[in-house]
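Undergrad: Supplied structure: final_0.cif, mmCIF, C-alpha atoms and all ligand atoms.
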data_input
#
loop_
_atom_site.label_atom_id
_atom_site.label_comp_id
_atom_site.auth_asym_id
_atom_site.auth_seq_id
_atom_site.Cartn_x
_atom_site.Cartn_y
_atom_site.Cartn_z
CA MET A 7 -2.42 -96.66 23.56
CA VAL A 8 -2.40 -93.10 22.26
CA HIS A 9 -2.54 -90.14 24.64
CA PHE A 10 -3.54 -86.77 23.22
CA VAL A 11 -1.92 -84.29 25.57
CA GLY A 12 -2.30 -80.52 25.81
CA ALA A 13 1.21 -79.09 26.05
CA GLY A 14 0.04 -75.75 27.41
CA PRO A 15 0.86 -72.41 25.78
CA GLY A 16 4.66 -72.69 25.81
CA ALA A 17 6.36 -72.61 29.21
CA PRO A 18 7.43 -76.22 29.91
CA ASP A 19 6.07 -76.06 33.48
CA LEU A 20 2.59 -75.11 32.27
CA ILE A 21 1.79 -78.66 31.18
CA THR A 22 -0.45 -80.56 33.62
CA LEU A 23 1.05 -83.05 36.09
CA ARG A 24 -0.76 -85.79 34.16
CA GLY A 25 0.62 -84.58 30.84
CA ALA A 26 4.16 -84.48 32.24
CA ARG A 27 3.77 -88.02 33.63
CA LEU A 28 2.50 -89.31 30.28
CA LEU A 29 5.49 -87.70 28.55
CA ALA A 30 7.85 -89.29 31.06
CA GLU A 31 6.33 -92.72 30.35
CA ALA A 32 5.98 -92.32 26.56
CA GLY A 33 7.48 -94.84 24.12
CA GLN A 34 7.34 -92.15 21.42
CA VAL A 35 6.13 -88.57 21.06
CA ILE A 36 4.47 -86.97 18.05
CA TYR A 37 4.43 -83.22 18.61
CA ALA A 38 3.21 -80.22 16.64
CA GLY A 39 6.64 -78.70 16.06
CA SER A 40 5.36 -75.44 14.59
CA LEU A 41 3.83 -74.43 17.93
CA VAL A 42 4.89 -76.74 20.76
CA ASN A 43 7.94 -75.47 22.64
CA PRO A 44 10.67 -78.15 22.14
CA ALA A 45 11.60 -77.61 25.80
CA LEU A 46 8.52 -79.71 26.61
CA LEU A 47 10.37 -82.75 25.27
CA GLU A 48 12.67 -82.51 28.30
CA HIS A 49 9.86 -84.22 30.22
CA THR A 50 10.58 -87.43 28.23
CA ARG A 51 13.09 -90.17 29.07
CA PRO A 52 16.44 -89.75 27.33
CA GLY A 53 16.40 -91.40 23.91
CA THR A 54 12.61 -91.31 23.48
CA PRO A 55 11.93 -91.15 19.74
CA TYR A 56 9.94 -88.12 18.65
CA HIS A 57 8.39 -86.94 15.40
CA ASP A 58 7.51 -83.41 14.35
CA SER A 59 3.98 -83.60 12.95
CA ALA A 60 4.49 -80.34 11.04
CA LEU A 61 6.32 -82.47 8.47
CA LEU A 62 3.72 -85.27 8.38
CA THR A 63 0.31 -85.89 6.80
CA LEU A 64 -2.58 -87.31 8.84
CA GLU A 65 -1.89 -90.74 7.30
CA GLU A 66 1.78 -90.54 8.29
CA VAL A 67 0.84 -89.56 11.84
CA LEU A 68 -1.54 -92.52 12.00
CA ALA A 69 1.16 -94.83 10.63
CA ARG A 70 3.48 -93.76 13.49
CA MET A 71 0.69 -94.43 15.98
CA GLU A 72 0.05 -97.91 14.50
CA GLU A 73 3.77 -98.64 14.65
CA GLY A 74 3.77 -97.57 18.31
CA GLU A 75 0.88 -99.95 19.02
CA ALA A 76 2.75 -102.80 17.31
CA GLN A 77 5.76 -102.06 19.56
CA GLY A 78 3.53 -101.99 22.65
CA TRP A 79 4.41 -98.34 23.31
CA ASP A 80 2.36 -95.55 24.74
CA THR A 81 2.34 -92.79 22.13
CA VAL A 82 1.94 -89.20 23.29
CA ARG A 83 0.42 -86.91 20.67
CA LEU A 84 1.38 -83.50 21.98
CA HIS A 85 -0.75 -80.56 20.88
CA THR A 86 -0.21 -76.93 21.74
CA GLY A 87 -2.42 -75.29 24.38
CA ASP A 88 -5.57 -77.33 24.84
CA PRO A 89 -6.13 -79.96 22.14
CA SER A 90 -9.86 -79.20 21.86
CA LEU A 91 -9.21 -75.81 20.24
CA TYR A 92 -8.00 -75.81 16.61
CA GLY A 93 -6.11 -79.02 17.38
CA ALA A 94 -7.37 -81.20 14.49
CA ILE A 95 -7.75 -84.10 16.93
CA ARG A 96 -11.22 -85.20 15.84
CA GLU A 97 -9.96 -86.78 12.58
CA GLN A 98 -7.22 -88.58 14.53
CA MET A 99 -9.65 -89.85 17.18
CA ASP A 100 -12.09 -91.12 14.52
CA ALA A 101 -9.29 -92.89 12.64
CA LEU A 102 -8.03 -94.50 15.88
CA ARG A 103 -11.57 -95.68 16.67
CA GLN A 104 -11.80 -97.24 13.21
CA ARG A 105 -8.51 -99.03 13.78
CA GLY A 106 -9.49 -100.20 17.27
CA ILE A 107 -6.58 -98.30 18.87
CA PRO A 108 -7.48 -97.01 22.35
CA PHE A 109 -6.81 -93.37 23.20
CA ASP A 110 -7.51 -90.73 25.82
CA VAL A 111 -7.22 -86.95 26.05
CA THR A 112 -5.43 -84.85 28.69
CA PRO A 113 -6.46 -81.20 28.58
CA GLY A 114 -3.99 -78.33 28.59
CA VAL A 115 -3.77 -74.65 29.45
CA SER A 116 -4.91 -72.87 26.30
CA SER A 117 -2.99 -69.91 24.91
CA PHE A 118 -5.98 -67.66 25.57
CA SER A 119 -5.44 -68.32 29.28
CA GLY A 120 -1.69 -67.80 28.88
CA ALA A 121 -2.37 -64.48 27.13
CA ALA A 122 -4.66 -63.25 29.91
CA ALA A 123 -1.96 -64.09 32.45
CA ALA A 124 0.66 -62.26 30.37
CA ILE A 125 -1.27 -59.00 30.38
CA PRO A 126 -2.47 -59.70 33.20
CA ALA A 127 -6.23 -59.37 32.69
CA GLU A 128 -9.61 -60.87 33.55
CA TYR A 129 -11.93 -61.54 30.59
CA THR A 130 -15.17 -61.44 32.59
CA LEU A 131 -15.36 -58.34 34.77
CA PRO A 132 -18.36 -57.54 36.99
CA GLY A 133 -20.19 -54.69 35.31
CA GLY A 134 -18.59 -55.65 31.99
CA SER A 135 -18.89 -58.44 29.47
CA GLN A 136 -19.76 -61.83 30.93
CA THR A 137 -18.97 -63.62 27.68
CA LEU A 138 -15.72 -64.57 25.96
CA ILE A 139 -15.82 -65.35 22.25
CA LEU A 140 -12.98 -67.53 20.95
CA THR A 141 -12.80 -67.39 17.18
CA ARG A 142 -10.57 -66.88 14.14
CA MET A 143 -10.50 -65.19 10.78
CA ALA A 144 -11.27 -67.45 7.85
CA GLY A 145 -8.07 -68.67 6.23
CA ARG A 146 -7.67 -71.84 4.22
CA THR A 147 -10.11 -73.23 6.81
CA PRO A 148 -13.43 -71.49 6.19
CA VAL A 149 -15.53 -69.97 8.98
CA PRO A 150 -19.33 -70.45 8.70
CA GLU A 151 -21.09 -67.34 7.45
CA THR A 152 -23.21 -67.12 10.61
CA GLU A 153 -19.94 -66.72 12.55
CA ALA A 154 -18.55 -63.86 10.46
CA LEU A 155 -16.32 -61.76 12.71
CA SER A 156 -18.50 -58.69 12.15
CA ALA A 157 -21.54 -60.65 13.39
CA LEU A 158 -19.71 -61.89 16.50
CA ALA A 159 -18.31 -58.40 17.12
CA ALA A 160 -21.83 -56.99 17.30
CA HIS A 161 -22.09 -58.52 20.81
CA GLY A 162 -19.34 -56.22 22.05
CA SER A 163 -18.16 -59.02 24.36
CA SER A 164 -14.61 -59.94 25.31
CA LEU A 165 -13.10 -61.64 22.25
CA VAL A 166 -9.95 -63.57 21.38
CA LEU A 167 -8.80 -64.19 17.82
CA PHE A 168 -6.67 -67.27 17.15
CA LEU A 169 -4.79 -67.95 13.92
CA SER A 170 -5.29 -64.40 12.64
CA ALA A 171 -2.10 -62.48 13.41
CA GLY A 172 -1.31 -62.29 9.70
CA MET A 173 -4.69 -60.72 8.90
CA VAL A 174 -4.93 -57.90 11.41
CA GLU A 175 -6.07 -55.22 8.97
CA ALA A 176 -9.07 -57.25 7.81
CA ALA A 177 -9.72 -58.32 11.41
CA ALA A 178 -9.87 -54.71 12.65
CA ARG A 179 -12.18 -53.78 9.76
CA GLU A 180 -14.60 -56.63 10.54
CA LEU A 181 -14.50 -55.99 14.28
CA LEU A 182 -15.51 -52.37 13.67
CA ALA A 183 -18.14 -53.36 11.09
CA GLY A 184 -20.05 -55.06 13.92
CA GLY A 185 -21.06 -51.58 15.05
CA THR A 186 -20.52 -52.08 18.81
CA TYR A 187 -16.75 -51.82 19.25
CA THR A 188 -15.33 -48.39 18.39
CA PRO A 189 -11.92 -47.31 17.09
CA ASP A 190 -11.01 -46.64 20.76
CA THR A 191 -11.98 -50.10 22.01
CA PRO A 192 -8.92 -51.50 23.77
CA ALA A 193 -7.09 -54.42 22.18
CA ALA A 194 -3.81 -56.27 22.68
CA ILE A 195 -1.57 -58.47 20.62
CA VAL A 196 0.05 -61.17 22.74
CA TYR A 197 2.99 -62.85 21.03
CA LYS A 198 4.23 -66.22 22.30
CA ALA A 199 2.42 -66.02 25.63
CA THR A 200 4.41 -67.74 28.42
CA TRP A 201 7.47 -68.37 26.16
CA PRO A 202 10.74 -66.60 27.04
CA GLU A 203 10.09 -64.41 23.94
CA GLU A 204 6.63 -63.36 25.21
CA ARG A 205 5.58 -59.83 24.22
CA VAL A 206 2.40 -57.88 24.97
CA TYR A 207 1.49 -55.01 22.66
CA PRO A 208 -1.43 -52.98 24.03
CA CYS A 209 -3.32 -50.97 21.39
CA THR A 210 -6.83 -50.07 20.27
CA LEU A 211 -8.83 -51.29 17.30
CA SER A 212 -7.71 -48.23 15.34
CA THR A 213 -4.00 -48.96 16.00
CA LEU A 214 -4.15 -52.77 15.86
CA ALA A 215 -2.86 -53.15 12.31
CA GLU A 216 0.02 -50.69 12.67
CA THR A 217 0.98 -52.21 16.05
CA ALA A 218 1.30 -55.65 14.43
CA ARG A 219 3.22 -54.18 11.48
CA GLU A 220 5.61 -52.08 13.56
CA ASN A 221 6.49 -55.02 15.76
CA GLY A 222 6.69 -57.54 12.93
CA VAL A 223 4.07 -59.86 14.44
CA THR A 224 2.61 -62.21 11.84
CA ARG A 225 2.21 -65.50 13.71
CA THR A 226 2.07 -67.26 17.10
CA ALA A 227 0.03 -64.43 18.51
CA LEU A 228 -3.45 -63.85 19.82
CA ILE A 229 -5.50 -60.72 19.37
CA LEU A 230 -7.51 -59.76 22.43
CA VAL A 231 -10.34 -57.25 22.14
CA GLY A 232 -12.79 -55.71 24.56
CA GLU A 233 -13.49 -53.30 27.38
CA PHE A 234 -12.03 -55.82 29.86
CA LEU A 235 -8.66 -54.34 28.78
CA GLY A 236 -9.86 -50.88 29.88
CA GLU A 237 -10.38 -49.29 33.28
CA ASN A 238 -14.10 -49.72 33.95
CA TYR A 239 -15.57 -52.45 36.10
CA GLN A 240 -17.50 -52.92 39.32
CA ARG A 241 -16.53 -54.67 42.52
CA SER A 242 -17.68 -58.29 42.64
CA LYS A 243 -20.77 -59.18 44.64
CA LEU A 244 -19.09 -62.41 45.80
CA TYR A 245 -16.51 -60.53 47.89
CA ASP A 246 -18.71 -57.56 48.82
CA GLY A 247 -19.06 -57.34 52.61
CA ALA A 248 -22.74 -56.26 52.36
CA PHE A 249 -23.68 -59.24 50.23
CA SER A 250 -24.78 -62.60 51.71
CA HIS A 251 -24.37 -65.92 49.95
CA GLY A 252 -24.35 -69.62 50.76
CA PHE A 253 -21.00 -69.45 52.56
CA ARG A 254 -20.96 -66.00 54.16
CA GLN A 255 -23.41 -63.67 55.93
CA GLY A 256 -23.28 -60.02 54.80
CA LYS A 257 -22.89 -57.24 57.40
N1 LIG B 301 -4.86 -75.49 20.82
C1 LIG B 301 -4.18 -74.21 20.87
C2 LIG B 301 -4.47 -73.34 19.66
C3 LIG B 301 -3.92 -73.92 18.37
S1 LIG B 301 -4.20 -72.89 16.99
C4 LIG B 301 -4.54 -73.49 22.18
O1 LIG B 301 -5.38 -73.97 22.94
O2 LIG B 301 -3.94 -72.44 22.46
C5 LIG B 301 -2.70 -72.01 16.88
C6 LIG B 301 -2.89 -70.56 17.23
O3 LIG B 301 -2.96 -70.43 18.63
C7 LIG B 301 -1.78 -69.64 16.80
O4 LIG B 301 -1.95 -69.19 15.49
C8 LIG B 301 -1.92 -68.49 17.78
O5 LIG B 301 -2.98 -67.65 17.39
C9 LIG B 301 -2.37 -69.22 19.02
N2 LIG B 301 -1.27 -69.53 19.95
C10 LIG B 301 -0.81 -70.74 20.31
N3 LIG B 301 0.14 -70.63 21.26
C11 LIG B 301 0.27 -69.31 21.51
C12 LIG B 301 1.06 -68.55 22.43
N4 LIG B 301 1.91 -69.12 23.28
N5 LIG B 301 0.91 -67.21 22.42
C13 LIG B 301 0.04 -66.59 21.60
N6 LIG B 301 -0.73 -67.27 20.71
C14 LIG B 301 -0.63 -68.60 20.69
#
So, in terms of structure tokens, how does the structure I just supplied come out?
Ligand code: SAH

TA:
Amino acid sequence: MVHFVGAGPGAPDLITLRGARLLAEAGQVIYAGSLVNPALLEHTRPGTPYHDSALLTLEEVLARMEEGEAQGWDTVRLHTGDPSLYGAIREQMDALRQRGIPFDVTPGVSSFSGAAAAIPAEYTLPGGSQTLILTRMAGRTPVPETEALSALAAHGSSLVLFLSAGMVEAAARELLAGGTYTPDTPAAIVYKATWPEERVYPCTLSTLAETARENGVTRTALILVGEFLGENYQRSKLYDGAFSHGFRQGK
């Protein structure tokens, strides 16, 4: 059987208990070496064979999985963060279905959660945006025209950009082209959230590009944008003493 497992954003103790157990029981591990912290492999039994998928094609990954099945092993396919975001797991799941190989998915802590913790920040503040947009700049993978960054930016919501640290200048331009964010809108670059090398670079949309340049950030970083990084919000109703709800009577 194949287990797709979210490794979490980097720190080896930010994998789920289930993910750690599956790693400990694995007959082999195929991990995304470009992003998964190798320290995660310490959850495996000594001598467990592992393969870095950064060096493999989809067909080669599938061949390893088929070999694992033939050996009667449980294969852990370890993806960074949560596998449902930019994980390229759909093509693997479809191919496994075609081959009659059973699989399941164990979610993980996504890097956007790790980045919020690093700051630390809350994406959805009372009195502020109640929406978080997770998106990316178009690279070799295209982004549908209806999801152009400028169009998404028009909402002025909290926003996190994956896979775009090497395109910050264009990102800032598109974010401003939406017409709702301003050059002063707060932003942050979070490099390697939850890794020992974690760095947080607070900035604004007008200083985003130079902040990335000055600090040499070109990859393994998220760009966070929105007023949630600023000072303005309201107290929550949920914990407001004057407010009644299903579990508490207001005074
Ligand atoms: N499935 C992953 C995302 C994979 S796409 C998740 O849920 O987090 C890879 C991109 O994720 C990187 O280009 C970077 O933008 C972001 N990323 C992954 N790990 C990160 C980390 N620890 N800190 C900051 N960004 C990270």

Undergrad: Report as CSV: every residue of chain A with an atom at most 10 Å from ligand LIG 301 (chain B), its closest pair of atoms, and their distance in Å to one decimal, counting only C-alpha atoms and all ligand atoms, with rows sorted by chain and ascending residue number.

TA:
residue,atom,partner,partner_atom,distance
A:Gly12,CA,B:LIG301,N1,7.5
A:Ala13,CA,B:LIG301,N1,8.8
A:Gly14,CA,B:LIG301,O2,7.2
A:Pro15,CA,B:LIG301,N4,4.3
A:Gly16,CA,B:LIG301,N4,5.2
A:Ala17,CA,B:LIG301,N4,8.2
A:Ala38,CA,B:LIG301,C3,9.7
A:Ser40,CA,B:LIG301,C5,9.1
A:Leu41,CA,B:LIG301,N3,6.3
A:Val42,CA,B:LIG301,N3,7.8
A:Asn43,CA,B:LIG301,N4,8.8
A:His85,CA,B:LIG301,N1,6.5
A:Thr86,CA,B:LIG301,C1,4.9
A:Gly87,CA,B:LIG301,C4,3.5
A:Asp88,CA,B:LIG301,O1,3.9
A:Pro89,CA,B:LIG301,N1,4.8
A:Ser90,CA,B:LIG301,N1,6.3
A:Leu91,CA,B:LIG301,N1,4.4
A:Tyr92,CA,B:LIG301,S1,4.8
A:Gly93,CA,B:LIG301,N1,5.1
A:Ala94,CA,B:LIG301,N1,8.9
A:Ile95,CA,B:LIG301,N1,9.9
A:Pro113,CA,B:LIG301,O1,9.2
A:Gly114,CA,B:LIG301,O1,7.3
A:Val115,CA,B:LIG301,O1,6.7
A:Ser116,CA,B:LIG301,O1,3.6
A:Ser117,CA,B:LIG301,O2,3.6
A:Phe118,CA,B:LIG301,O2,6.1
A:Ser119,CA,B:LIG301,O2,8.1
A:Gly120,CA,B:LIG301,N4,6.8
A:Ala121,CA,B:LIG301,N5,6.4
A:Ala124,CA,B:LIG301,N5,9.4
A:Thr141,CA,B:LIG301,O5,9.8
A:Arg142,CA,B:LIG301,O5,8.3
A:Val166,CA,B:LIG301,O5,9.0
A:Leu167,CA,B:LIG301,O5,6.8
A:Phe168,CA,B:LIG301,O5,3.7
A:Leu169,CA,B:LIG301,O4,3.5
A:Ser170,CA,B:LIG301,O5,6.2
A:Ala171,CA,B:LIG301,O5,6.6
A:Gly172,CA,B:LIG301,O4,9.0
A:Ile195,CA,B:LIG301,C13,8.3
A:Val196,CA,B:LIG301,C13,5.5
A:Tyr197,CA,B:LIG301,C13,4.8
A:Lys198,CA,B:LIG301,N5,3.5
A:Ala199,CA,B:LIG301,N5,3.7
A:Thr200,CA,B:LIG301,N4,5.9
A:Trp201,CA,B:LIG301,N4,6.3
A:Pro202,CA,B:LIG301,N4,9.9
A:Glu203,CA,B:LIG301,N4,9.5
A:Glu204,CA,B:LIG301,N5,7.4
A:Arg205,CA,B:LIG301,N5,8.9
A:Val206,CA,B:LIG301,C13,9.6
A:Thr224,CA,B:LIG301,O4,9.1
A:Arg225,CA,B:LIG301,O4,5.8
A:Thr226,CA,B:LIG301,C8,4.2
A:Ala227,CA,B:LIG301,N6,3.7
A:Leu228,CA,B:LIG301,N6,4.5
A:Ile229,CA,B:LIG301,O5,7.6

Undergrad: Which one of A:Gly232, A:Pro189, A:Pro208, A:Pro126 sits closest to A:Leu165 if you count only C-alpha atoms?

TA: A:Gly232

Undergrad: For atom CA of A:Glu128 and atom CA of A:Val111, determine how far apart the two atoms are, in Å to one decimal place.

TA: 27.2 Å

Undergrad: Measure the distance from atom CA of A:Tyr245 to atom CA of A:Ile125 in Å and round it to one decimal.

TA: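 Spanning atom CA of A:Tyr245 to atom CA of A:Ile125 is a straight-line distance of 23.3 Å.
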
Undergrad: Any idea what the distance is between atom CA of A:Ser250 and atom CA of A:Gly133?

TA: 18.8 Å

Undergrad: Nearest residue to A:Arg27 out of A:Glu153, A:Asp80, A:Glu233, A:Asp58, using all atoms listed in the file?

TA: A:Asp80

Undergrad: Excluding A:Gly33 and its own-chain neighbours fewer than 2 positions away, which residues fall within 12 Å of it when counting all atoms listed in the file? Please give them as a PyMOL selection string.

TA: chain A and resi 7-9+28-31+35-36+50-57+70-71+73-83

Undergrad: Just want the 10 Å neighbourhood of A:Gly185, counted on all atoms listed in the file, with same-chain residues fewer than 4 positions away dropped. Output as a VMD selection string.

TA: chain A and resid 156 to 157 159 to 162 180 to 181

Undergrad: Hey, which of A:Gly236, A:Gln98, A:Asn221, A:Leu140 ends up closest to A:Thr63? Count all atoms listed in the file.

TA: A:Gln98

Undergrad: Point out the residue among A:Leu138, A:Leu131, A:Ala215, A:Val223 with the least atom-to-atom distance to A:Lys243, counting only C-alpha atoms.

TA: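 Counting only C-alpha atoms, the residue closest to A:Lys243 is A:Leu131.
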
Undergrad: Please check which residues have atoms at most 9 Å from (-6.7, -92.5, 11.0) in the file's coordinates, counting only C-alpha atoms, and write them as a list in words.

TA: Leu64, Glu65, Val67, Leu68, Ala69, Glu97, Gln98, Met99, Asp100, Ala101, Leu102, Arg103, Gln104 and Arg105 of chain A

Undergrad: Using only C-alpha atoms, which protein or nucleic acid residues come within 9 Å of A:Asp190? Drop anything in the same chain fewer than 3 positions from it, and give the result as number ranges by chain.

TA: A: 187, 193, 209-213

Undergrad: Generate the output file for the selected residues, C-alpha atoms, as a PDB file, in the coordinates of the input.

TA:
ATOM      1  CA  TYR A 187     -16.750 -51.820  19.250  1.00  0.00           C
ATOM      2  CA  ALA A 193      -7.090 -54.420  22.180  1.00  0.00           C
ATOM      3  CA  CYS A 209      -3.320 -50.970  21.390  1.00  0.00           C
ATOM      4  CA  THR A 210      -6.830 -50.070  20.270  1.00  0.00           C
ATOM      5  CA  LEU A 211      -8.830 -51.290  17.300  1.00  0.00           C
ATOM      6  CA  SER A 212      -7.710 -48.230  15.340  1.00  0.00           C
ATOM      7  CA  THR A 213      -4.000 -48.960  16.000  1.00  0.00           C
TER       8      THR A 213
END
